[in-house]
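Source file structure-v3.cif; content: mmCIF, C-alpha atoms, pLDDT in the B column; chains and numbers go by the auth columns.
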data_upload
loop_
_atom_site.group_PDB
_atom_site.id
_atom_site.type_symbol
_atom_site.label_atom_id
_atom_site.label_comp_id
_atom_site.label_asym_id
_atom_site.label_seq_id
_atom_site.Cartn_x
_atom_site.Cartn_y
_atom_site.Cartn_z
_atom_site.B_iso_or_equiv
_atom_site.auth_seq_id
_atom_site.auth_asym_id
ATOM 1 C CA TYR A 1 -18.411 92.629 -17.727 56.00 1 A
ATOM 2 C CA CYS A 2 -15.614 92.239 -15.218 59.00 2 A
ATOM 3 C CA THR A 3 -14.724 89.401 -12.767 55.00 3 A
ATOM 4 C CA THR A 4 -12.415 89.777 -9.795 55.00 4 A
ATOM 5 C CA TYR A 5 -10.595 86.834 -8.254 54.00 5 A
ATOM 6 C CA ARG A 6 -9.227 86.814 -4.758 55.00 6 A
ATOM 7 C CA ASN A 7 -7.133 84.174 -3.050 57.00 7 A
ATOM 8 C CA TYR A 8 -8.171 83.378 0.517 55.00 8 A
ATOM 9 C CA SER A 9 -5.900 81.591 2.929 57.00 9 A
ATOM 10 C CA PHE A 10 -7.366 79.898 6.016 56.00 10 A
ATOM 11 C CA ASN A 11 -4.423 79.495 8.320 61.00 11 A
ATOM 12 C CA ASN A 12 -6.322 80.119 11.535 62.00 12 A
ATOM 13 C CA MET A 13 -8.506 77.048 12.078 63.00 13 A
ATOM 14 C CA SER A 14 -10.797 76.941 15.113 72.00 14 A
ATOM 15 C CA THR A 15 -10.429 74.361 17.876 75.00 15 A
ATOM 16 C CA LEU A 16 -13.372 72.711 19.566 74.00 16 A
ATOM 17 C CA ALA A 17 -12.449 72.143 23.214 78.00 17 A
ATOM 18 C CA THR A 18 -14.422 69.393 24.954 78.00 18 A
ATOM 19 C CA THR A 19 -13.862 66.302 27.082 77.00 19 A
ATOM 20 C CA ASN A 20 -16.777 64.102 26.001 78.00 20 A
ATOM 21 C CA ILE A 21 -18.723 63.359 22.828 78.00 21 A
ATOM 22 C CA LYS A 22 -21.985 61.437 22.839 77.00 22 A
ATOM 23 C CA HIS A 23 -25.043 60.817 20.711 76.00 23 A
ATOM 24 C CA ALA A 24 -28.096 62.872 21.651 75.00 24 A
ATOM 25 C CA SER A 25 -30.076 59.746 22.601 75.00 25 A
ATOM 26 C CA SER A 26 -27.230 58.109 24.545 73.00 26 A
ATOM 27 C CA SER A 27 -27.291 58.047 28.341 70.00 27 A
ATOM 28 C CA SER A 28 -23.485 57.927 28.617 68.00 28 A
ATOM 29 C CA ASN A 29 -20.449 59.398 26.897 65.00 29 A
ATOM 30 C CA ASN A 30 -19.491 57.519 23.716 70.00 30 A
ATOM 31 C CA ILE A 31 -16.039 59.074 23.250 76.00 31 A
ATOM 32 C CA VAL A 32 -13.926 60.465 26.087 74.00 32 A
ATOM 33 C CA LEU A 33 -11.023 62.788 25.237 76.00 33 A
ATOM 34 C CA GLY A 34 -8.016 62.686 27.562 73.00 34 A
ATOM 35 C CA SER A 35 -5.941 65.749 28.485 75.00 35 A
ATOM 36 C CA ASP A 36 -3.011 64.159 26.639 76.00 36 A
ATOM 37 C CA GLY A 37 -5.000 63.998 23.395 71.00 37 A
ATOM 38 C CA SER A 38 -5.894 60.302 23.721 72.00 38 A
ATOM 39 C CA THR A 39 -9.394 59.031 23.041 74.00 39 A
ATOM 40 C CA SER A 40 -11.329 56.365 24.905 70.00 40 A
ATOM 41 C CA ILE A 41 -14.329 54.620 23.380 78.00 41 A
ATOM 42 C CA SER A 42 -16.398 52.449 25.728 80.00 42 A
ATOM 43 C CA GLY A 43 -15.859 48.728 25.189 81.00 43 A
ATOM 44 C CA HIS A 44 -12.680 49.108 23.123 89.00 44 A
ATOM 45 C CA ILE A 45 -9.463 47.266 23.965 93.00 45 A
ATOM 46 C CA LEU A 46 -6.831 49.795 25.045 93.00 46 A
ATOM 47 C CA GLN A 47 -3.851 47.478 25.578 96.00 47 A
ATOM 48 C CA VAL A 48 -2.937 43.782 25.630 97.00 48 A
ATOM 49 C CA VAL A 49 -0.267 42.145 27.803 98.00 49 A
ATOM 50 C CA GLN A 50 0.972 38.548 27.594 97.00 50 A
ATOM 51 C CA GLY A 51 2.770 36.450 30.185 97.00 51 A
ATOM 52 C CA THR A 52 4.305 33.033 29.491 95.00 52 A
ATOM 53 C CA THR A 53 6.137 30.289 31.358 93.00 53 A
ATOM 54 C CA ASN A 54 7.397 26.775 30.869 90.00 54 A
ATOM 55 C CA SER A 55 8.910 26.662 34.366 91.00 55 A
ATOM 56 C CA ILE A 56 7.253 23.816 36.282 91.00 56 A
ATOM 57 C CA VAL A 57 5.759 24.090 39.793 93.00 57 A
ATOM 58 C CA THR A 58 4.775 20.844 41.564 92.00 58 A
ATOM 59 C CA THR A 59 2.677 20.643 44.721 92.00 59 A
ATOM 60 C CA SER A 60 1.010 18.151 47.060 93.00 60 A
ATOM 61 C CA SER A 61 -0.665 20.941 49.057 93.00 61 A
ATOM 62 C CA THR A 62 -4.391 21.309 49.677 92.00 62 A
ATOM 63 C CA SER A 63 -3.883 25.091 49.994 93.00 63 A
ATOM 64 C CA TRP A 64 -3.438 27.462 47.038 94.00 64 A
ATOM 65 C CA VAL A 65 0.087 27.462 45.584 95.00 65 A
ATOM 66 C CA ALA A 66 1.390 30.043 43.076 96.00 66 A
ATOM 67 C CA THR A 67 2.532 28.906 39.647 96.00 67 A
ATOM 68 C CA ASN A 68 5.090 30.786 37.561 96.00 68 A
ATOM 69 C CA LEU A 69 2.387 32.015 35.174 96.00 69 A
ATOM 70 C CA SER A 70 1.702 35.719 35.734 97.00 70 A
ATOM 71 C CA ALA A 71 1.434 39.107 34.017 98.00 71 A
ATOM 72 C CA SER A 72 0.979 42.748 35.025 98.00 72 A
ATOM 73 C CA ILE A 73 -0.990 45.594 33.462 98.00 73 A
ATOM 74 C CA THR A 74 -1.413 49.269 34.397 97.00 74 A
ATOM 75 C CA PRO A 75 -4.951 50.523 33.616 96.00 75 A
ATOM 76 C CA ALA A 76 -5.416 54.076 32.334 93.00 76 A
ATOM 77 C CA SER A 77 -8.531 54.636 34.469 93.00 77 A
ATOM 78 C CA THR A 78 -9.982 53.208 37.682 95.00 78 A
ATOM 79 C CA SER A 79 -13.281 52.620 35.859 94.00 79 A
ATOM 80 C CA ASN A 80 -11.713 50.437 33.147 95.00 80 A
ATOM 81 C CA LYS A 81 -11.943 46.657 33.333 97.00 81 A
ATOM 82 C CA VAL A 82 -9.342 43.954 32.678 98.00 82 A
ATOM 83 C CA TYR A 83 -10.240 40.818 30.735 98.00 83 A
ATOM 84 C CA VAL A 84 -8.051 37.954 31.939 98.00 84 A
ATOM 85 C CA SER A 85 -7.577 34.739 29.960 97.00 85 A
ATOM 86 C CA ALA A 86 -5.196 31.952 31.030 96.00 86 A
ATOM 87 C CA ASN A 87 -4.381 28.660 29.293 94.00 87 A
ATOM 88 C CA ILE A 88 -2.847 26.035 31.572 92.00 88 A
ATOM 89 C CA SER A 89 -1.512 22.519 31.028 91.00 89 A
ATOM 90 C CA LEU A 90 -1.818 20.302 34.098 89.00 90 A
ATOM 91 C CA TRP A 91 -0.350 16.974 35.200 88.00 91 A
ATOM 92 C CA GLN A 92 -1.882 14.998 38.086 87.00 92 A
ATOM 93 C CA SER A 93 0.245 12.080 39.277 86.00 93 A
ATOM 94 C CA THR A 94 -2.365 9.856 40.919 84.00 94 A
ATOM 95 C CA ASN A 95 -5.934 8.621 40.490 81.00 95 A
ATOM 96 C CA ASP A 96 -8.949 9.360 42.710 80.00 96 A
ATOM 97 C CA GLN A 97 -7.770 12.944 43.094 84.00 97 A
ATOM 98 C CA SER A 98 -8.886 16.457 42.073 88.00 98 A
ATOM 99 C CA THR A 99 -6.792 19.507 41.183 91.00 99 A
ATOM 100 C CA TYR A 100 -8.321 22.976 41.511 92.00 100 A
ATOM 101 C CA LEU A 101 -7.202 26.073 39.564 94.00 101 A
ATOM 102 C CA THR A 102 -7.800 29.795 40.014 96.00 102 A
ATOM 103 C CA ILE A 103 -6.454 33.293 39.297 97.00 103 A
ATOM 104 C CA PHE A 104 -5.287 35.669 42.011 97.00 104 A
ATOM 105 C CA ARG A 105 -4.954 39.471 41.668 98.00 105 A
ATOM 106 C CA SER A 106 -2.641 41.913 43.466 97.00 106 A
ATOM 107 C CA THR A 107 -2.816 45.724 43.288 96.00 107 A
ATOM 108 C CA ASP A 108 -0.033 46.452 45.789 95.00 108 A
ATOM 109 C CA GLY A 109 3.049 44.911 44.207 92.00 109 A
ATOM 110 C CA GLY A 110 2.371 41.360 45.383 92.00 110 A
ATOM 111 C CA SER A 111 2.009 41.981 49.139 94.00 111 A
ATOM 112 C CA ASN A 112 -1.665 40.987 49.150 95.00 112 A
ATOM 113 C CA TRP A 113 -3.567 38.696 46.789 94.00 113 A
ATOM 114 C CA THR A 114 -7.291 38.250 46.088 95.00 114 A
ATOM 115 C CA ASN A 115 -8.716 34.992 44.751 95.00 115 A
ATOM 116 C CA LEU A 116 -10.931 35.899 41.770 96.00 116 A
ATOM 117 C CA GLY A 117 -12.502 32.419 41.699 93.00 117 A
ATOM 118 C CA ASP A 118 -14.573 30.589 44.293 89.00 118 A
ATOM 119 C CA ASP A 119 -12.887 30.844 47.699 84.00 119 A
ATOM 120 C CA ASP A 120 -14.127 29.511 51.043 80.00 120 A
ATOM 121 C CA GLY A 121 -12.162 32.155 52.945 76.00 121 A
ATOM 122 C CA SER A 122 -9.575 29.764 54.389 77.00 122 A
ATOM 123 C CA ASN A 123 -7.288 29.251 51.396 74.00 123 A
ATOM 124 C CA GLY A 124 -9.723 26.714 49.951 78.00 124 A
ATOM 125 C CA GLY A 125 -12.660 26.686 47.545 84.00 125 A
ATOM 126 C CA VAL A 126 -12.741 25.373 43.997 87.00 126 A
ATOM 127 C CA GLY A 127 -11.417 28.482 42.206 91.00 127 A
ATOM 128 C CA PHE A 128 -12.498 28.463 38.560 92.00 128 A
ATOM 129 C CA GLY A 129 -12.968 24.697 38.473 84.00 129 A
ATOM 130 C CA TRP A 130 -11.230 21.392 38.851 81.00 130 A
ATOM 131 C CA HIS A 131 -10.063 18.228 37.130 81.00 131 A
ATOM 132 C CA TYR A 132 -10.777 14.792 38.535 75.00 132 A
ATOM 133 C CA SER A 133 -9.569 11.334 37.582 74.00 133 A
ATOM 134 C CA SER A 134 -11.046 8.260 39.246 74.00 134 A
ATOM 135 C CA THR A 135 -8.938 5.514 37.684 74.00 135 A
ATOM 136 C CA ASP A 136 -5.659 6.913 36.339 71.00 136 A
ATOM 137 C CA ARG A 137 -3.182 9.767 36.231 78.00 137 A
ATOM 138 C CA LEU A 138 -4.289 12.865 34.358 78.00 138 A
ATOM 139 C CA ALA A 139 -2.881 15.278 31.772 82.00 139 A
ATOM 140 C CA CYS A 140 -5.194 18.041 30.587 81.00 140 A
ATOM 141 C CA ILE A 141 -5.637 21.664 29.514 86.00 141 A
ATOM 142 C CA GLN A 142 -7.795 24.268 31.248 88.00 142 A
ATOM 143 C CA THR A 143 -8.756 27.789 30.166 92.00 143 A
ATOM 144 C CA MET A 144 -9.890 30.370 32.717 95.00 144 A
ATOM 145 C CA ASN A 145 -11.511 33.720 31.832 96.00 145 A
ATOM 146 C CA ILE A 146 -12.816 36.625 33.864 97.00 146 A
ATOM 147 C CA LEU A 147 -13.731 40.287 33.281 97.00 147 A
ATOM 148 C CA ASP A 148 -12.212 41.913 36.352 97.00 148 A
ATOM 149 C CA SER A 149 -12.709 45.385 37.874 97.00 149 A
ATOM 150 C CA PRO A 150 -9.459 46.166 39.726 97.00 150 A
ATOM 151 C CA SER A 151 -10.374 49.865 40.280 96.00 151 A
ATOM 152 C CA SER A 152 -6.729 50.883 40.034 96.00 152 A
ATOM 153 C CA THR A 153 -4.336 52.936 37.915 95.00 153 A
ATOM 154 C CA SER A 154 -1.317 51.264 39.532 96.00 154 A
ATOM 155 C CA ALA A 155 0.244 48.076 38.195 97.00 155 A
ATOM 156 C CA VAL A 156 -2.181 45.165 38.617 98.00 156 A
ATOM 157 C CA GLN A 157 -0.675 41.678 38.729 98.00 157 A
ATOM 158 C CA TYR A 158 -2.528 38.456 37.888 98.00 158 A
ATOM 159 C CA LYS A 159 -1.154 35.000 38.716 98.00 159 A
ATOM 160 C CA VAL A 160 -2.411 31.424 38.318 97.00 160 A
ATOM 161 C CA TYR A 161 -2.662 29.289 41.474 96.00 161 A
ATOM 162 C CA PHE A 162 -3.571 25.639 42.025 94.00 162 A
ATOM 163 C CA ARG A 163 -4.095 23.080 44.816 92.00 163 A
ATOM 164 C CA LEU A 164 -5.084 19.469 45.423 91.00 164 A
ATOM 165 C CA TYR A 165 -8.310 18.240 46.995 90.00 165 A
ATOM 166 C CA ALA A 166 -6.421 15.755 49.167 87.00 166 A
ATOM 167 C CA SER A 167 -2.726 15.421 50.004 84.00 167 A
ATOM 168 C CA THR A 168 -2.218 12.303 47.893 86.00 168 A
ATOM 169 C CA GLY A 169 0.260 12.319 45.031 87.00 169 A
ATOM 170 C CA SER A 170 1.044 15.630 43.343 90.00 170 A
ATOM 171 C CA ALA A 171 0.096 18.006 40.539 90.00 171 A
ATOM 172 C CA SER A 172 2.352 19.998 38.202 91.00 172 A
ATOM 173 C CA ILE A 173 1.812 23.119 36.081 91.00 173 A
ATOM 174 C CA PRO A 174 2.844 23.126 33.264 88.00 174 A
ATOM 175 C CA THR A 175 2.848 19.387 32.549 79.00 175 A
ATOM 176 C CA GLY A 176 6.391 19.623 31.155 63.00 176 A
ATOM 177 C CA GLY A 177 8.649 16.630 31.738 57.00 177 A
ATOM 178 C CA ALA A 178 5.832 14.574 33.285 55.00 178 A
ATOM 179 C CA ILE A 179 4.732 13.583 29.784 54.00 179 A
ATOM 180 C CA SER A 180 8.097 14.217 28.071 52.00 180 A
ATOM 181 C CA ARG A 181 6.984 17.502 26.516 59.00 181 A
ATOM 182 C CA GLN A 182 8.080 21.057 27.239 62.00 182 A
ATOM 183 C CA GLU A 183 4.904 23.136 27.158 77.00 183 A
ATOM 184 C CA THR A 184 4.419 26.880 27.429 88.00 184 A
ATOM 185 C CA ASN A 185 1.472 28.224 29.395 93.00 185 A
ATOM 186 C CA ARG A 186 0.100 31.690 28.619 96.00 186 A
ATOM 187 C CA ILE A 187 -1.928 34.418 30.298 97.00 187 A
ATOM 188 C CA HIS A 188 -3.375 37.445 28.461 98.00 188 A
ATOM 189 C CA LEU A 189 -4.562 40.705 30.041 98.00 189 A
ATOM 190 C CA MET A 190 -6.705 43.127 28.010 98.00 190 A
ATOM 191 C CA GLU A 191 -7.700 46.548 29.297 97.00 191 A
ATOM 192 C CA VAL A 192 -11.298 47.368 28.316 96.00 192 A
ATOM 193 C CA ALA A 193 -12.418 51.019 28.257 92.00 193 A
ATOM 194 C CA ALA A 194 -15.362 51.739 30.562 86.00 194 A
#

Just give me the structure as structure tokens.
Amino acid sequence: YCTTYRNYSFNNMSTLATTNIKHASSSSNNIVLGSDGSTSISGHILQVVQGTTNSIVTTSSTSWVATNLSASITPASTSNKVYVSANISLWQSTNDQSTYLTIFRSTDGGSNWTNLGDDDGSNGGVGFGWHYSSTDRLACIQTMNILDSPSSTSAVQYKVYFRLYASTGSASIPTGGAISRQETNRIHLMEVAA
């Protein structure tokens, strides 16, 4: 009885070349493979960007005014979405007044801006909502969220804007020195794979 042993070396592994992987019962691709070797899984967060400010902007305008709270993100694909979340501290200096807040988006380096909240078409509307005080001054916090579809692979900029209902008194973002506290406002941008 004789046994022969041989050593086999597998140095030449095969490569499966494809661009998409999906389950047989799925109607869309579950994993997309990029030419650079990256992978994209639908619904996953691809990147997160944060913007902060404690630099105060004060206005008495009834038209939208830009705050110093902004951030930019560059999506990997035009089909990806951007989840925007902003936390804002607000000071309103007078009673019987409303302050409106919203988020604007620019895809051309800041030359043109689109209001992502409610807009009446003439630099008005209520944006993402408002704060009202009937009897006193007001200090408060507001959070705004939106899942946006910028359809761009260029840098996309998001910025918080605000305005008053009537030109009485003023509003400030962040609250800052109005209540003797230095507060930092934040905006987060998260790219979501399509």

Residue neighbourhood Ala71 (chain A), 7 Å, only C-alpha atoms, exclusion window fewer than 6 positions, as a ChimeraX atom specification = /A:50-51,157-159,187

Per-residue nearest contacts of region 58-89 of chain A to region 145-149 of chain A (10 Å; all atoms listed in the file) as a tab-separated table:
residue	atom	partner	partner_atom	distance
A:Thr78	CA	A:Ser149	CA	8.3
A:Ser79	CA	A:Ser149	CA	7.5
A:Asn80	CA	A:Ser149	CA	7.0
A:Lys81	CA	A:Ser149	CA	4.8
A:Val82	CA	A:Asp148	CA	5.1
A:Tyr83	CA	A:Leu147	CA	4.4
A:Val84	CA	A:Ile146	CA	5.3
A:Ser85	CA	A:Asn145	CA	4.5
A:Ala86	CA	A:Asn145	CA	6.6
A:Asn87	CA	A:Asn145	CA	9.1

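CA of Thr58 (chain A) lies 27.8 Å from CA of Ala155 (chain A).
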
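Nearest residue to Phe162 (chain A) among A:Ile73, A:Ile103, A:Met144, A:Leu138 is A:Ile103, counting all atoms listed in the file.
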
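Here the question is which of A:Thr67, A:Asn115, A:Tyr100, A:Thr18 gets nearest to Thr53 (chain A) using all atoms listed in the file, and that residue is A:Thr67.
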
The distance between CA of Asn185 (chain A) and CA of Leu69 (chain A) is 7.0 Å

Name the residues that the PyMOL selection byres ((chain A and resi 46) around 9) pulls out of this structure, and write them as JSON, numbers by chain.
-> {"A": [40, 44, 45, 47, 48, 75, 76, 190, 191, 192, 193]}

Which polymer residues, protein or nucleic acid, are no farther than 7 Å from (-11.3, 33.3, 41.6), counting all atoms listed in the file, as a list in words?
-> Thr102, Ile103, Phe104, Asn115, Leu116, Gly117, Asp118, Asp119, Gly127 and Phe128 of chain A

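Nearest to Ser72 (chain A) of all the residues A:Ser98, A:Gln92, A:Asn20, A:Thr107 is A:Thr107, based on only C-alpha atoms.
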
Students should find that CA of Gly109 (chain A) and CA of Ser35 (chain A) are spaced 27.6 Å

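Take the PyMOL selection byres ((chain A and resi 96) around 6) and apply it to this file: it picks Asn95, Gln97, Ser133 and Ser134 of chain A.
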
Please write the residues picked by the PyMOL selection byres ((chain A and resi 184) around 12) on this file as an mmCIF file with C-alpha atoms, keeping the file's coordinate frame.
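Saved file out37.cif follows:
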data_model
loop_
_atom_site.group_PDB
_atom_site.id
_atom_site.type_symbol
_atom_site.label_atom_id
_atom_site.label_comp_id
_atom_site.auth_asym_id
_atom_site.auth_seq_id
_atom_site.Cartn_x
_atom_site.Cartn_y
_atom_site.Cartn_z
ATOM 1 C CA GLY A 51 2.770 36.450 30.185
ATOM 2 C CA THR A 52 4.305 33.033 29.491
ATOM 3 C CA THR A 53 6.137 30.289 31.358
ATOM 4 C CA ASN A 54 7.397 26.775 30.869
ATOM 5 C CA SER A 55 8.910 26.662 34.366
ATOM 6 C CA ILE A 56 7.253 23.816 36.282
ATOM 7 C CA ASN A 68 5.090 30.786 37.561
ATOM 8 C CA LEU A 69 2.387 32.015 35.174
ATOM 9 C CA ALA A 86 -5.196 31.952 31.030
ATOM 10 C CA ASN A 87 -4.381 28.660 29.293
ATOM 11 C CA ILE A 88 -2.847 26.035 31.572
ATOM 12 C CA SER A 89 -1.512 22.519 31.028
ATOM 13 C CA LEU A 90 -1.818 20.302 34.098
ATOM 14 C CA ILE A 141 -5.637 21.664 29.514
ATOM 15 C CA ILE A 173 1.812 23.119 36.081
ATOM 16 C CA PRO A 174 2.844 23.126 33.264
ATOM 17 C CA THR A 175 2.848 19.387 32.549
ATOM 18 C CA GLY A 176 6.391 19.623 31.155
ATOM 19 C CA GLY A 177 8.649 16.630 31.738
ATOM 20 C CA ARG A 181 6.984 17.502 26.516
ATOM 21 C CA GLN A 182 8.080 21.057 27.239
ATOM 22 C CA GLU A 183 4.904 23.136 27.158
ATOM 23 C CA ASN A 185 1.472 28.224 29.395
ATOM 24 C CA ARG A 186 0.100 31.690 28.619
ATOM 25 C CA ILE A 187 -1.928 34.418 30.298
#

For Gly37 (chain A), please output as a list of chain:residue names all residues within 12 Å (counting all atoms listed in the file; exclusion window: fewer than 5 positions along the same chain).
-> A:Ala17, A:Thr18, A:Thr19, A:Val32

Writer output for current selection, C-alpha atoms, as an mmCIF file, keeping the file's coordinate frame:
data_model
loop_
_atom_site.group_PDB
_atom_site.id
_atom_site.type_symbol
_atom_site.label_atom_id
_atom_site.label_comp_id
_atom_site.auth_asym_id
_atom_site.auth_seq_id
_atom_site.Cartn_x
_atom_site.Cartn_y
_atom_site.Cartn_z
ATOM 1 C CA ALA A 17 -12.449 72.143 23.214
ATOM 2 C CA THR A 18 -14.422 69.393 24.954
ATOM 3 C CA THR A 19 -13.862 66.302 27.082
ATOM 4 C CA VAL A 32 -13.926 60.465 26.087
#

Find the smallest box with edges along x, y and z containing every listed atom of region 162-170 of chain A, then add 8 Å on each side and report centre and edge lengths in Å to one decimal, as lines of an AutoDock Vina configuration file.
center_x = -3.6
center_y = 19.0
center_z = 46.0
size_x = 25.4
size_y = 29.3
size_z = 24.0
